[in-house]
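Here the structure is laid out as structure tokens; the discussion comes afterwards.
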Amino acid sequence: MKPRQSTTVASSARPKGIAARRSRPSVPNNQGVKAQITMTINRPAAELFAFWRNFENLPRVMEHVESVQRIDDRRSHWRVRRSKDHYVEWDADVINEHPNEMIAWRTLEGSDVNHAGSIRFSPAPGGLGTEVKLAVEYDAGSFADGLAKLFRRSPEQQMREDLRHFKQLMETGEIPRTRGQPAGRDEDKTEKYEEAR
């Protein structure tokens with residue numbers, strides 16, 4: 001299924017969760033690049049939110065993320081493999097959260113990369129699952145150029161691929177991989193969703 005743009009506007013009602021906080025912006029005003037990808041996933045929003053909110057799950061759908069470690073209820077430490085022996089790392093802070101609807105974050109001072117983003121979960125038209133909207137604003141100098149070289153694709157392309165993996169894992173329980181096949185690397189051909197349960 002092709003990703004499609006959403007025009008859904010989140011409700012202004014605030015369910016219990018983490019209230020929006022004012023803080024230092026991760027990306028200076030008018031200096032960031034914004035990317036947004038929307039994809040429909042045929043699963044309930046609560047299930048998608050629960051998987052994503054457990055940030056330690058995300059290396060399973062984000063192919064270049066080596067690990068995410070929970071620091072506390074709001075903060076997490078991210079590690080992305082840059083080469084065989086080098087990593088890019090950052091700490092992220094959840095700055096706004098509406099259970100089963102939205103999570104917003106930003107990187108903390110001292111991180112290797114500067115970015116902020118959000119993921120929103122809203123009912124898809126016709127009751128056909130959930131529209132998932134991933135939006136990221138990043139400092140082009142420290143984030144986009146490095147990641148484009150590292151992953152051999154733009155941040156937007158990588159976001160689309162990561163959301164596609166998320167969709168596959170949540171809908172079918174696995175992510176088809178070419179690794180382990182004759183032209184791929186020696187790793188499992190699928191990533192099982194059940195292993196995380």
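Going by the structure tokens order, chains are called A, B, ..., each with residues numbered from 1, while ligands are numbered from 1 in the order shown.
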Would you mind listing, for every residue of region 34-65 of chain A within 8 Å of region 71-88 of chain A, the two atoms forming the shortest contact and the distance between them in Å to one decimal, using only C-alpha atoms, sorted by chain and ascending residue number, as a Markdown table?
```
| residue | atom | partner | partner_atom | distance |
| --- | --- | --- | --- | --- |
| A:Phe55 | CA | A:Ser76 | CA | 7.6 |
| A:His64 | CA | A:Val80 | CA | 5.8 |
| A:Val65 | CA | A:Val80 | CA | 4.5 |
```
Please list as a PyMOL selection string every residue within 8 Å of Met102 (chain A), counting only C-alpha atoms and excluding residues in the same chain fewer than 5 positions away.
chain A and resi 49+96-97+118-121
Quick one: write out the picked residues with C-alpha atoms as a PDB file, in the first residue's frame?
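Heads up, here's the output in part_17.pdb:
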```pdb
ATOM      1  CA  PHE A  49       1.054   3.298  20.101  1.00  0.00           C
ATOM      2  CA  ASN A  96       4.380  15.703  24.707  1.00  0.00           C
ATOM      3  CA  GLU A  97       2.278  12.569  24.798  1.00  0.00           C
ATOM      4  CA  SER A 118       6.322  13.358  16.500  1.00  0.00           C
ATOM      5  CA  ILE A 119       4.310  10.308  15.575  1.00  0.00           C
ATOM      6  CA  ARG A 120       0.512  10.496  15.448  1.00  0.00           C
ATOM      7  CA  PHE A 121      -2.052   7.710  15.337  1.00  0.00           C
TER       8      PHE A 121
END
```
Just list the residues in region 21-101 of chain A DSSP gives alpha helix (DSSP H) on the backbone, as a PyMOL selection string.
chain A and resi 45-53
Preceding selection exported with N, CA and C atoms as a compact mmCIF listing (two decimals), in the first residue's frame:
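Written output follows (again21.txt):
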```txt
# COMPACT_ATOMS: atom_id res chain seq x y z
N ALA A 45 -5.07 1.69 16.81
CA ALA A 45 -4.13 2.72 17.25
C ALA A 45 -3.48 2.36 18.59
N ALA A 46 -4.24 1.80 19.52
CA ALA A 46 -3.69 1.47 20.84
C ALA A 46 -2.54 0.49 20.73
N GLU A 47 -2.65 -0.48 19.84
CA GLU A 47 -1.59 -1.48 19.67
C GLU A 47 -0.35 -0.84 19.04
N LEU A 48 -0.55 0.00 18.05
CA LEU A 48 0.57 0.66 17.39
C LEU A 48 1.28 1.61 18.36
N PHE A 49 0.49 2.37 19.11
CA PHE A 49 1.05 3.30 20.10
C PHE A 49 1.88 2.54 21.13
N ALA A 50 1.35 1.44 21.66
CA ALA A 50 2.04 0.67 22.69
C ALA A 50 3.38 0.14 22.19
N PHE A 51 3.40 -0.35 20.96
CA PHE A 51 4.66 -0.86 20.40
C PHE A 51 5.67 0.27 20.28
N TRP A 52 5.25 1.40 19.71
CA TRP A 52 6.17 2.52 19.47
C TRP A 52 6.64 3.15 20.77
N ARG A 53 5.73 3.27 21.75
CA ARG A 53 6.07 3.94 23.00
C ARG A 53 7.12 3.17 23.79
```
Which residues are near Lys34 (chain A)? Cut-off 10 Å, only C-alpha atoms, ignore same chain within fewer than 4 positions. Put them as number ranges by chain.
A: 115-117, 135-140, 155-156
